[in-house]
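Source file: entry36.json (JSON, C-alpha atoms)
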[["chain", "number", "residue", "atom", "x", "y", "z"],
["X", 1, "MET", "CA", 82.70, 102.08, 142.45],
["X", 2, "SER", "CA", 85.69, 104.29, 143.27],
["X", 3, "ASP", "CA", 85.55, 106.79, 146.12],
["X", 4, "PRO", "CA", 85.83, 110.14, 144.27],
["X", 5, "SER", "CA", 87.68, 111.74, 147.19],
["X", 6, "GLY", "CA", 90.56, 109.37, 146.55],
["X", 7, "ASN", "CA", 90.97, 110.29, 142.89],
["X", 8, "GLY", "CA", 93.28, 112.97, 141.54],
["X", 9, "PHE", "CA", 95.51, 114.17, 138.72],
["X", 10, "ILE", "CA", 99.13, 115.18, 139.16],
["X", 11, "PHE", "CA", 101.59, 117.16, 137.06],
["X", 12, "ALA", "CA", 105.33, 117.38, 137.67],
["X", 13, "ALA", "CA", 107.52, 120.18, 136.32],
["X", 14, "THR", "CA", 111.00, 121.59, 136.83],
["X", 15, "GLY", "CA", 112.28, 124.74, 135.15],
["X", 16, "GLU", "CA", 110.35, 127.75, 133.93],
["X", 17, "LYS", "CA", 109.41, 126.25, 130.55],
["X", 18, "TYR", "CA", 107.80, 123.12, 131.97],
["X", 19, "VAL", "CA", 106.15, 124.95, 134.85],
["X", 20, "ASN", "CA", 104.52, 127.25, 132.29],
["X", 21, "LEU", "CA", 103.34, 124.23, 130.29],
["X", 22, "ALA", "CA", 101.89, 122.62, 133.42],
["X", 23, "ARG", "CA", 99.99, 125.78, 134.33],
["X", 24, "ARG", "CA", 98.43, 125.92, 130.88],
["X", 25, "ALA", "CA", 97.72, 122.17, 130.83],
["X", 26, "VAL", "CA", 95.85, 122.28, 134.14],
["X", 27, "ARG", "CA", 93.64, 125.07, 132.81],
["X", 28, "SER", "CA", 92.80, 122.94, 129.78],
["X", 29, "LEU", "CA", 91.90, 120.12, 132.17],
["X", 30, "ARG", "CA", 89.72, 122.47, 134.23],
["X", 31, "GLN", "CA", 87.67, 123.32, 131.14],
["X", 32, "VAL", "CA", 86.33, 119.76, 130.96],
["X", 33, "MET", "CA", 86.72, 118.60, 134.58],
["X", 34, "PRO", "CA", 86.29, 121.74, 136.71],
["X", 35, "ASP", "CA", 85.83, 119.86, 140.00],
["X", 36, "ALA", "CA", 88.79, 117.48, 139.62],
["X", 37, "GLN", "CA", 91.47, 117.36, 142.28],
["X", 38, "VAL", "CA", 94.78, 118.37, 140.66],
["X", 39, "ASP", "CA", 98.21, 118.72, 142.28],
["X", 40, "LEU", "CA", 101.52, 120.02, 140.96],
["X", 41, "PHE", "CA", 104.98, 118.85, 142.02],
["X", 42, "THR", "CA", 107.60, 121.46, 141.15],
["X", 43, "ASP", "CA", 110.92, 123.02, 142.12],
["X", 44, "ALA", "CA", 109.45, 126.50, 141.69],
["X", 45, "ASP", "CA", 108.18, 128.77, 144.44],
["X", 46, "LEU", "CA", 104.73, 129.11, 142.99],
["X", 47, "LYS", "CA", 101.19, 129.99, 143.90],
["X", 48, "ASP", "CA", 98.54, 129.12, 141.35],
["X", 49, "PRO", "CA", 94.86, 128.67, 142.27],
["X", 50, "ALA", "CA", 94.35, 126.33, 139.30],
["X", 51, "PHE", "CA", 96.05, 123.63, 141.39],
["X", 52, "ASP", "CA", 94.50, 122.28, 144.58],
["X", 53, "ARG", "CA", 97.93, 121.75, 146.11],
["X", 54, "ILE", "CA", 101.49, 122.54, 145.05],
["X", 55, "HIS", "CA", 104.24, 120.31, 146.46],
["X", 56, "LYS", "CA", 107.93, 121.22, 146.47],
["X", 57, "LEU", "CA", 110.17, 118.61, 144.85],
["X", 58, "SER", "CA", 113.22, 117.40, 146.74],
["X", 59, "ASP", "CA", 115.54, 118.25, 143.81],
["X", 60, "THR", "CA", 115.55, 119.65, 140.28],
["X", 61, "TYR", "CA", 116.01, 116.31, 138.50],
["X", 62, "PHE", "CA", 114.63, 116.56, 134.96],
["X", 63, "ARG", "CA", 112.47, 113.43, 135.46],
["X", 64, "PRO", "CA", 110.28, 114.58, 138.36],
["X", 65, "LYS", "CA", 107.33, 112.32, 137.54],
["X", 66, "MET", "CA", 108.63, 109.43, 139.63],
["X", 67, "GLU", "CA", 108.91, 111.52, 142.79],
["X", 68, "ALA", "CA", 105.45, 112.91, 142.12],
["X", 69, "LEU", "CA", 104.00, 109.41, 141.66],
["X", 70, "ARG", "CA", 105.72, 108.18, 144.79],
["X", 71, "ARG", "CA", 104.46, 111.07, 146.91],
["X", 72, "THR", "CA", 100.94, 111.42, 145.48],
["X", 73, "ARG", "CA", 98.28, 111.90, 148.16],
["X", 74, "PHE", "CA", 95.63, 110.15, 146.07],
["X", 75, "ALA", "CA", 94.60, 106.52, 146.34],
["X", 76, "ARG", "CA", 94.06, 106.51, 142.58],
["X", 77, "THR", "CA", 96.24, 108.86, 140.54],
["X", 78, "VAL", "CA", 96.40, 109.87, 136.90],
["X", 79, "TYR", "CA", 99.78, 111.41, 136.08],
["X", 80, "LEU", "CA", 99.86, 113.69, 133.01],
["X", 81, "ASP", "CA", 102.84, 115.13, 131.14],
["X", 82, "CYS", "CA", 102.84, 118.90, 130.79],
["X", 83, "ASP", "CA", 102.29, 118.89, 127.00],
["X", 84, "ILE", "CA", 98.83, 117.41, 127.27],
["X", 85, "ILE", "CA", 95.32, 118.67, 126.53],
["X", 86, "VAL", "CA", 92.51, 116.75, 128.20],
["X", 87, "LEU", "CA", 89.62, 116.94, 125.74],
["X", 88, "MET", "CA", 86.77, 115.57, 127.85],
["X", 89, "ASP", "CA", 85.98, 114.04, 131.23],
["X", 90, "VAL", "CA", 88.27, 111.03, 131.72],
["X", 91, "SER", "CA", 87.19, 110.01, 135.22],
["X", 92, "GLU", "CA", 86.71, 106.47, 133.86],
["X", 93, "LEU", "CA", 90.49, 106.09, 134.18],
["X", 94, "PHE", "CA", 90.11, 106.04, 137.95],
["X", 95, "HIS", "CA", 87.55, 103.23, 137.72],
["X", 96, "LEU", "CA", 90.16, 101.04, 136.00],
["X", 97, "LEU", "CA", 92.23, 101.22, 139.17],
["X", 98, "ASP", "CA", 89.63, 99.26, 141.10],
["X", 99, "ARG", "CA", 90.74, 96.30, 139.00],
["X", 100, "PHE", "CA", 94.31, 97.07, 137.83],
["X", 101, "ASP", "CA", 97.44, 98.47, 139.47],
["X", 102, "VAL", "CA", 98.74, 100.47, 136.49],
["X", 103, "ALA", "CA", 97.40, 101.61, 133.13],
["X", 104, "SER", "CA", 99.30, 103.23, 130.24],
["X", 105, "SER", "CA", 98.95, 103.30, 126.48],
["X", 106, "TYR", "CA", 101.40, 101.83, 123.98],
["X", 107, "ALA", "CA", 104.26, 104.08, 122.96],
["X", 108, "PHE", "CA", 104.17, 105.14, 119.34],
["X", 109, "SER", "CA", 107.95, 104.80, 118.83],
["X", 110, "ARG", "CA", 109.26, 101.27, 119.26],
["X", 111, "ASP", "CA", 112.69, 101.31, 117.67],
["X", 112, "GLY", "CA", 115.76, 99.40, 118.84],
["X", 113, "GLN", "CA", 116.98, 102.21, 121.08],
["X", 114, "ARG", "CA", 113.76, 102.09, 123.08],
["X", 115, "LEU", "CA", 113.18, 98.34, 123.02],
["X", 116, "VAL", "CA", 116.45, 97.52, 124.74],
["X", 117, "GLN", "CA", 116.74, 93.76, 125.15],
["X", 118, "ASP", "CA", 118.22, 92.12, 128.22],
["X", 119, "GLY", "CA", 117.61, 88.54, 127.12],
["X", 120, "THR", "CA", 114.35, 88.15, 129.03],
["X", 121, "MET", "CA", 111.84, 90.41, 127.28],
["X", 122, "PRO", "CA", 110.47, 89.60, 123.82],
["X", 123, "ARG", "CA", 109.94, 92.46, 121.41],
["X", 124, "SER", "CA", 106.23, 91.62, 121.50],
["X", 125, "TYR", "CA", 106.15, 92.98, 125.07],
["X", 126, "GLY", "CA", 105.59, 96.51, 123.85],
["X", 127, "LEU", "CA", 106.90, 99.77, 125.20],
["X", 128, "LEU", "CA", 104.37, 101.80, 127.16],
["X", 129, "ASN", "CA", 104.28, 105.58, 127.01],
["X", 130, "ALA", "CA", 104.87, 107.19, 130.39],
["X", 131, "GLY", "CA", 103.14, 110.49, 129.57],
["X", 132, "VAL", "CA", 99.78, 109.28, 130.84],
["X", 133, "ILE", "CA", 99.90, 106.87, 133.78],
["X", 134, "ALA", "CA", 96.99, 105.75, 135.92],
["X", 135, "ILE", "CA", 98.22, 104.08, 139.10],
["X", 136, "ARG", "CA", 96.74, 102.73, 142.31],
["X", 137, "LYS", "CA", 98.73, 103.60, 145.41],
["X", 138, "THR", "CA", 99.90, 100.54, 147.31],
["X", 139, "GLU", "CA", 103.16, 99.49, 148.94],
["X", 140, "THR", "CA", 103.93, 97.46, 145.82],
["X", 141, "THR", "CA", 103.33, 100.27, 143.33],
["X", 142, "THR", "CA", 105.22, 102.77, 145.50],
["X", 143, "GLY", "CA", 108.17, 100.35, 145.57],
["X", 144, "PHE", "CA", 107.91, 99.92, 141.82],
["X", 145, "VAL", "CA", 108.05, 103.69, 141.24],
["X", 146, "SER", "CA", 111.00, 104.02, 143.66],
["X", 147, "ASP", "CA", 112.92, 101.34, 141.72],
["X", 148, "TRP", "CA", 112.07, 103.08, 138.45],
["X", 149, "ASP", "CA", 113.39, 106.40, 139.76],
["X", 150, "ARG", "CA", 116.56, 104.81, 141.13],
["X", 151, "LEU", "CA", 117.43, 102.88, 137.99],
["X", 152, "VAL", "CA", 116.84, 105.80, 135.62],
["X", 153, "ARG", "CA", 119.15, 107.93, 137.74],
["X", 154, "GLU", "CA", 121.81, 105.22, 138.08],
["X", 155, "ARG", "CA", 121.82, 104.64, 134.34],
["X", 156, "ASP", "CA", 121.79, 108.38, 133.58],
["X", 157, "ALA", "CA", 119.11, 107.48, 131.04],
["X", 158, "ASP", "CA", 117.82, 109.97, 128.50],
["X", 159, "MET", "CA", 114.48, 108.13, 128.38],
["X", 160, "ASP", "CA", 112.51, 106.68, 131.25],
["X", 161, "GLN", "CA", 110.24, 104.40, 129.18],
["X", 162, "PRO", "CA", 112.68, 101.52, 128.51],
["X", 163, "THR", "CA", 113.23, 101.14, 132.27],
["X", 164, "TYR", "CA", 109.46, 101.43, 132.84],
["X", 165, "ARG", "CA", 108.96, 98.52, 130.42],
["X", 166, "GLU", "CA", 111.70, 96.44, 132.01],
["X", 167, "LEU", "CA", 110.38, 96.83, 135.55],
["X", 168, "LEU", "CA", 106.78, 96.12, 134.52],
["X", 169, "TRP", "CA", 107.96, 92.90, 132.85],
["X", 170, "LYS", "CA", 109.71, 91.81, 136.02],
["X", 171, "SER", "CA", 106.89, 92.83, 138.36],
["X", 172, "ASP", "CA", 103.70, 91.10, 139.46],
["X", 173, "LEU", "CA", 101.64, 94.23, 138.89],
["X", 174, "SER", "CA", 98.38, 93.94, 136.99],
["X", 175, "VAL", "CA", 98.73, 96.24, 133.98],
["X", 176, "PHE", "CA", 96.08, 97.49, 131.57],
["X", 177, "VAL", "CA", 97.03, 98.91, 128.17],
["X", 178, "LEU", "CA", 94.90, 101.95, 127.39],
["X", 179, "PRO", "CA", 93.46, 102.40, 123.89],
["X", 180, "PRO", "CA", 95.08, 105.15, 121.81],
["X", 181, "GLU", "CA", 92.35, 107.75, 122.42],
["X", 182, "TYR", "CA", 93.71, 108.21, 125.95],
["X", 183, "ASN", "CA", 97.12, 109.33, 124.72],
["X", 184, "LEU", "CA", 96.97, 110.57, 121.12],
["X", 185, "ILE", "CA", 100.50, 111.45, 120.05],
["X", 186, "ALA", "CA", 100.57, 110.51, 116.35],
["X", 187, "THR", "CA", 98.16, 113.19, 115.16],
["X", 188, "TRP", "CA", 98.51, 112.10, 111.53],
["X", 189, "THR", "CA", 96.44, 109.02, 112.41],
["X", 190, "LEU", "CA", 93.45, 111.38, 112.53],
["X", 191, "ASP", "CA", 93.46, 111.22, 108.72],
["X", 192, "SER", "CA", 91.90, 107.76, 108.98],
["X", 193, "TRP", "CA", 90.22, 108.03, 112.41],
["X", 194, "LYS", "CA", 86.51, 107.21, 112.11],
["X", 195, "PRO", "CA", 83.69, 108.18, 114.51],
["X", 196, "LYS", "CA", 83.07, 104.52, 115.36],
["X", 197, "GLN", "CA", 86.51, 104.49, 117.03],
["X", 198, "GLY", "CA", 85.34, 107.12, 119.50],
["X", 199, "ALA", "CA", 86.90, 110.54, 119.86],
["X", 200, "PRO", "CA", 90.36, 111.05, 121.36],
["X", 201, "ARG", "CA", 90.12, 111.87, 125.06],
["X", 202, "ILE", "CA", 93.67, 113.05, 125.74],
["X", 203, "LEU", "CA", 95.88, 114.84, 123.21],
["X", 204, "HIS", "CA", 99.61, 114.54, 123.84],
["X", 205, "SER", "CA", 101.17, 117.17, 121.60],
["X", 206, "GLN", "CA", 104.95, 117.56, 121.56],
["X", 207, "ARG", "CA", 104.36, 120.61, 119.35],
["X", 208, "LEU", "CA", 103.44, 122.50, 122.54],
["X", 209, "HIS", "CA", 107.14, 122.43, 123.45],
["X", 210, "ARG", "CA", 108.10, 124.21, 120.25],
["X", 211, "ILE", "CA", 105.61, 127.05, 120.09],
["X", 212, "ALA", "CA", 105.85, 130.35, 121.97],
["X", 213, "PRO", "CA", 105.18, 129.74, 125.70],
["X", 214, "GLY", "CA", 101.99, 131.77, 125.85],
["X", 215, "ASP", "CA", 100.25, 133.14, 128.92],
["X", 216, "ALA", "CA", 100.57, 130.69, 131.84],
["X", 217, "GLU", "CA", 97.03, 131.53, 132.92],
["X", 218, "THR", "CA", 95.52, 130.70, 129.52],
["X", 219, "PRO", "CA", 94.52, 127.13, 128.53],
["X", 220, "PHE", "CA", 96.12, 125.51, 125.51],
["X", 221, "THR", "CA", 94.20, 125.80, 122.26],
["X", 222, "LEU", "CA", 93.88, 123.16, 119.56],
["X", 223, "ASP", "CA", 95.35, 125.64, 117.07],
["X", 224, "GLU", "CA", 98.56, 125.58, 119.11],
["X", 225, "ALA", "CA", 98.59, 121.79, 119.31],
["X", 226, "PHE", "CA", 98.21, 121.03, 115.61],
["X", 227, "ARG", "CA", 100.48, 121.76, 112.70],
["X", 228, "PHE", "CA", 97.76, 121.08, 110.14],
["X", 229, "GLU", "CA", 94.32, 122.64, 110.29],
["X", 230, "ARG", "CA", 92.67, 119.53, 108.81],
["X", 231, "HIS", "CA", 93.69, 117.51, 111.87],
["X", 232, "ARG", "CA", 92.23, 120.09, 114.22],
["X", 233, "LYS", "CA", 88.98, 120.21, 112.25],
["X", 234, "HIS", "CA", 88.71, 116.44, 112.15],
["X", 235, "LEU", "CA", 89.33, 116.16, 115.88],
["X", 236, "GLU", "CA", 86.60, 118.72, 116.57],
["X", 237, "LEU", "CA", 84.27, 116.73, 114.33],
["X", 238, "LEU", "CA", 85.07, 113.49, 116.16],
["X", 239, "LEU", "CA", 84.37, 115.20, 119.47],
["X", 240, "ASP", "CA", 81.02, 116.39, 118.16],
["X", 241, "CYS", "CA", 80.15, 112.88, 117.00],
["X", 242, "ASP", "CA", 81.15, 111.18, 120.23],
["X", 243, "SER", "CA", 78.15, 110.41, 122.40],
["X", 244, "GLY", "CA", 80.35, 110.36, 125.48],
["X", 245, "VAL", "CA", 81.12, 114.05, 125.35],
["X", 246, "GLY", "CA", 78.14, 115.01, 127.47],
["X", 247, "THR", "CA", 76.83, 118.49, 126.71],
["X", 248, "ARG", "CA", 78.18, 118.70, 123.19],
["X", 249, "GLU", "CA", 75.66, 118.39, 120.38],
["X", 250, "VAL", "CA", 76.02, 115.17, 118.42],
["X", 251, "GLY", "CA", 77.22, 116.06, 114.95],
["X", 252, "ARG", "CA", 77.91, 114.12, 111.77],
["X", 253, "LEU", "CA", 80.74, 113.61, 109.36],
["X", 254, "PRO", "CA", 80.46, 115.51, 106.07],
["X", 255, "THR", "CA", 79.07, 113.70, 103.07],
["X", 256, "PRO", "CA", 81.57, 112.81, 100.30],
["X", 257, "ALA", "CA", 80.24, 115.74, 98.26],
["X", 258, "GLU", "CA", 80.71, 118.15, 101.17],
["X", 259, "ALA", "CA", 84.19, 116.81, 101.85],
["X", 260, "MET", "CA", 85.10, 117.22, 98.17],
["X", 261, "ALA", "CA", 83.75, 120.76, 98.16],
["X", 262, "ASP", "CA", 85.97, 121.57, 101.14],
["X", 263, "GLU", "CA", 88.97, 120.07, 99.35],
["X", 264, "ILE", "CA", 88.22, 122.11, 96.22],
["X", 265, "GLN", "CA", 87.96, 125.31, 98.24],
["X", 266, "GLU", "CA", 91.27, 124.54, 99.92],
["X", 267, "LEU", "CA", 92.94, 123.86, 96.57],
["X", 268, "LYS", "CA", 91.53, 127.09, 95.12],
["X", 269, "ALA", "CA", 92.92, 129.03, 98.06],
["X", 270, "LYS", "CA", 96.33, 127.42, 97.56],
["X", 271, "LEU", "CA", 96.19, 128.21, 93.84],
["X", 272, "ARG", "CA", 95.35, 131.86, 94.51],
["X", 273, "LYS", "CA", 98.25, 132.06, 96.93],
["X", 274, "ALA", "CA", 100.60, 130.46, 94.38],
["X", 275, "GLN", "CA", 99.47, 132.88, 91.66],
["X", 276, "TRP", "CA", 99.98, 135.84, 93.97],
["X", 277, "MET", "CA", 103.48, 134.64, 94.86],
["X", 278, "SER", "CA", 104.27, 134.01, 91.19],
["X", 279, "ARG", "CA", 103.25, 137.56, 90.23],
["X", 280, "GLY", "CA", 105.37, 138.95, 93.02],
["X", 281, "LEU", "CA", 108.34, 136.86, 91.93],
["X", 282, "ARG", "CA", 108.01, 138.06, 88.34],
["X", 283, "LYS", "CA", 108.05, 141.68, 89.46],
["X", 284, "LEU", "CA", 111.16, 141.09, 91.53],
["X", 285, "THR", "CA", 113.02, 139.30, 88.77],
["X", 286, "SER", "CA", 111.95, 141.45, 85.79],
["X", 287, "PRO", "CA", 115.09, 143.67, 85.96],
["X", 288, "LEU", "CA", 117.26, 140.54, 85.86],
["X", 289, "ARG", "CA", 115.38, 139.15, 82.86],
["X", 290, "GLY", "CA", 116.14, 142.39, 81.01],
["X", 291, "LEU", "CA", 119.86, 141.92, 81.59],
["X", 292, "PHE", "CA", 119.80, 138.49, 79.96],
["X", 293, "THR", "CA", 117.41, 139.29, 77.10],
["X", 294, "GLY", "CA", 118.86, 142.67, 76.23],
["X", 295, "ARG", "CA", 115.45, 144.34, 76.61]]
Rewrite the structure from the file as structure tokens, please.
Amino acid sequence: MSDPSGNGFIFAATGEKYVNLARRAVRSLRQVMPDAQVDLFTDADLKDPAFDRIHKLSDTYFRPKMEALRRTRFARTVYLDCDIIVLMDVSELFHLLDRFDVASSYAFSRDGQRLVQDGTMPRSYGLLNAGVIAIRKTETTTGFVSDWDRLVRERDADMDQPTYRELLWKSDLSVFVLPPEYNLIATWTLDSWKPKQGAPRILHSQRLHRIAPGDAETPFTLDEAFRFERHRKHLELLLDCDSGVGTREVGRLPTPAEAMADEIQELKAKLRKAQWMSRGLRKLTSPLRGLFTGR
């Protein structure tokens, strides 16, 4: 069993936009893990009680995660990107690090630009997303992160994940690939996500970059994270159905009849909106119709 005092989360942020995201993300984390140890690495002069410690970065490089991972004070660290909402207690990630050196989930995008080939790595060695990384601190992993930082800088790379993949392939580190519920990026997959798959634990929403910044002292909401309401509703339902949530009541999926009734209500609402817009358009264009009809 892991020593809880050696476990902690870290965020890394440079620039006002990302610092604001990190401050909101940590408050979302606190809602489900209020006693977690959480540090921030940043270039900002900042005081925020939501973090246990705030560390000043050595520079303003736009990929600060590697410095944060290298300098983490925790024996077992979970690094989180700033556009993340932790949905429930994920302390089980630390337990993985009693057995593995590194854990990440597969990246959703695996096109040719990301799967750069150097003649040694097969395409089947998939790209791992670097937005959620669980890592055990050893001399070997610290050296790995230092090499990752150095190569990304030397290559002036826009993305850090191809280099992450390359160095993992060449290393002797023991790596575990997390299931998708620990880094849900492709929210459209919720359309076919069933309760037996378990609820998503960590939501990684790039939409949070595009919305208004919001109050830095306010946690993210699921309304902000989702473009479509049906995805938010389905996620909430999955969380209710997941027995691992803890204090949440166990719910159930709607019956086919209930689901159809919801669809009908949604279609009726869309029809009413379309009719209202059509009436408004007719009023606006009626003078023009008179010009062409002579009336």
Practice item. Compile the contact shell of Thr60 of chain X as a ChimeraX atom specification: residues with an atom at most 12 Å away, counting all atoms listed in the file, same-chain residues fewer than 5 positions apart removed. Key: /X:12-16,18,41-44,65,67
Point to revise | Long-range neighbours of Asp223 of chain X as a ChimeraX atom specification, 12 Å cut-off, only C-alpha atoms, 3 positions minimum in chain | key: /X:85,205,207-208,211,219-220,226-233,235-236
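Rounded to one decimal, atom CA of Arg153 of chain X and atom CA of Ala130 of chain X lie 16.1 Å from each other.
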Practice item. Counting all atoms listed in the file, figure out which residue out of X:Phe11, X:Trp148, X:Ile202, X:Ala186 gets nearest to Ser109 of chain X. Key: X:Ala186
Review point. Restricting the calculation to all atoms listed in the file, which member of X:Leu40, X:Leu127, X:Ala25, X:Ala134 is positioned closest to Thr163 of chain X?
Key: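 Checking each of X:Leu40, X:Leu127, X:Ala25, X:Ala134 against Thr163 of chain X, counting all atoms listed in the file, the winner is X:Leu127.
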Practice item. Rank X:Glu92, X:Asp240, X:Asp156, X:Asp83 by their smallest atom-to-atom distance to Asn183 of chain X, using all atoms listed in the file, and report the top residue only. Key: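 Closest to Asn183 of chain X of all the choices is X:Asp83.
With distances restricted to only C-alpha atoms, X:Thr221 is the closest residue to Arg24 of chain X from X:Thr221, X:Ser171, X:Ser124, X:Gln197.
Neighbouring residues of Phe51 of chain X at 12 Å or closer, counting only C-alpha atoms and skipping chain neighbours under 3 positions away, are Gly8, Phe9, Ile10, Phe11, Ala12, Ala22, Arg23, Arg24, Ala25, Val26, Arg27, Leu29, Arg30, Pro34, Asp35, Ala36, Gln37, Val38, Asp39, Leu40, Phe41, Thr42, Leu46, Lys47, Asp48, Ile54, His55 and Glu217 of chain X.
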Create the file for the chosen residues now, containing C-alpha atoms and written as a PDB file, keeping the file's coordinate frame.
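That gives us selection-v2.pdb:
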ATOM      1  CA  GLY X   8      93.280 112.970 141.540  1.00  0.00           C
ATOM      2  CA  PHE X   9      95.510 114.170 138.720  1.00  0.00           C
ATOM      3  CA  ILE X  10      99.130 115.180 139.160  1.00  0.00           C
ATOM      4  CA  PHE X  11     101.590 117.160 137.060  1.00  0.00           C
ATOM      5  CA  ALA X  12     105.330 117.380 137.670  1.00  0.00           C
ATOM      6  CA  ALA X  22     101.890 122.620 133.420  1.00  0.00           C
ATOM      7  CA  ARG X  23      99.990 125.780 134.330  1.00  0.00           C
ATOM      8  CA  ARG X  24      98.430 125.920 130.880  1.00  0.00           C
ATOM      9  CA  ALA X  25      97.720 122.170 130.830  1.00  0.00           C
ATOM     10  CA  VAL X  26      95.850 122.280 134.140  1.00  0.00           C
ATOM     11  CA  ARG X  27      93.640 125.070 132.810  1.00  0.00           C
ATOM     12  CA  LEU X  29      91.900 120.120 132.170  1.00  0.00           C
ATOM     13  CA  ARG X  30      89.720 122.470 134.230  1.00  0.00           C
ATOM     14  CA  PRO X  34      86.290 121.740 136.710  1.00  0.00           C
ATOM     15  CA  ASP X  35      85.830 119.860 140.000  1.00  0.00           C
ATOM     16  CA  ALA X  36      88.790 117.480 139.620  1.00  0.00           C
ATOM     17  CA  GLN X  37      91.470 117.360 142.280  1.00  0.00           C
ATOM     18  CA  VAL X  38      94.780 118.370 140.660  1.00  0.00           C
ATOM     19  CA  ASP X  39      98.210 118.720 142.280  1.00  0.00           C
ATOM     20  CA  LEU X  40     101.520 120.020 140.960  1.00  0.00           C
ATOM     21  CA  PHE X  41     104.980 118.850 142.020  1.00  0.00           C
ATOM     22  CA  THR X  42     107.600 121.460 141.150  1.00  0.00           C
ATOM     23  CA  LEU X  46     104.730 129.110 142.990  1.00  0.00           C
ATOM     24  CA  LYS X  47     101.190 129.990 143.900  1.00  0.00           C
ATOM     25  CA  ASP X  48      98.540 129.120 141.350  1.00  0.00           C
ATOM     26  CA  ILE X  54     101.490 122.540 145.050  1.00  0.00           C
ATOM     27  CA  HIS X  55     104.240 120.310 146.460  1.00  0.00           C
ATOM     28  CA  GLU X 217      97.030 131.530 132.920  1.00  0.00           C
TER      29      GLU X 217
END
Review point. At what distance in Å, to one decimal, does atom CA of Ile135 of chain X lie from atom CA of Val102 of chain X?
Key: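 Atom CA of Ile135 of chain X lies at a distance of 4.5 Å from atom CA of Val102 of chain X.
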Check your understanding: From the set X:Arg282, X:Lys268, X:Lys56, X:Arg136, which residue has the shortest atom-to-atom contact distance to Thr77 of chain X, counting only C-alpha atoms?
Key -> X:Arg136
Practice item. Considering only C-alpha atoms, return as an NGL selection string whatever protein or nucleic-acid residues lie within 7 Å of Leu190 of chain X, sequence-local ones (same chain, fewer than 3 positions apart) excluded. Key: :X and (187 or 193 or 231 or 234)
Practice item. Would you mind telling me which residue in X:Phe94, X:Trp276, X:Phe100, X:Tyr61 lies nearest to Val175 of chain X when using only C-alpha atoms? Key: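 Result for the nearest residue to Val175 of chain X: X:Phe100.
Taking atom CA of Glu181 of chain X and atom CA of Ile84 of chain X as endpoints, the distance between them is 12.6 Å.
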Review point. Any idea what's packed within 12 Å of Thr141 of chain X, counting only C-alpha atoms, ignoring anything in its chain fewer than 2 positions away? Could you give it as a PyMOL selection string?
Key: chain X and resi 66+69-72+75-77+97+100-103+134-139+143-148+167-168+171-175
Please write segment 45-63 of chain X of the preceding block to a file containing C-alpha atoms, as a compact mmCIF listing (two decimals), in the first residue's frame?
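Contents of result20.txt, freshly written:
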# COMPACT_ATOMS: atom_id res chain seq x y z
CA ASP X 45 3.75 35.78 -8.44
CA LEU X 46 0.71 34.17 -6.91
CA LYS X 47 -0.86 33.31 -3.60
CA ASP X 48 -3.77 30.91 -3.71
CA PRO X 49 -4.85 28.83 -0.69
CA ALA X 50 -6.33 26.17 -2.99
CA PHE X 51 -2.76 24.96 -3.58
CA ASP X 52 -0.65 23.47 -0.81
CA ARG X 53 2.52 24.91 -2.32
CA ILE X 54 3.28 27.20 -5.24
CA HIS X 55 6.70 26.84 -6.87
CA LYS X 56 8.27 29.45 -9.15
CA LEU X 57 9.35 28.10 -12.54
CA SER X 58 12.86 28.81 -13.75
CA ASP X 59 11.57 30.30 -17.04
CA THR X 60 8.38 31.03 -18.96
CA TYR X 61 8.70 28.16 -21.44
CA PHE X 62 5.25 27.21 -22.74
CA ARG X 63 5.79 23.52 -21.85
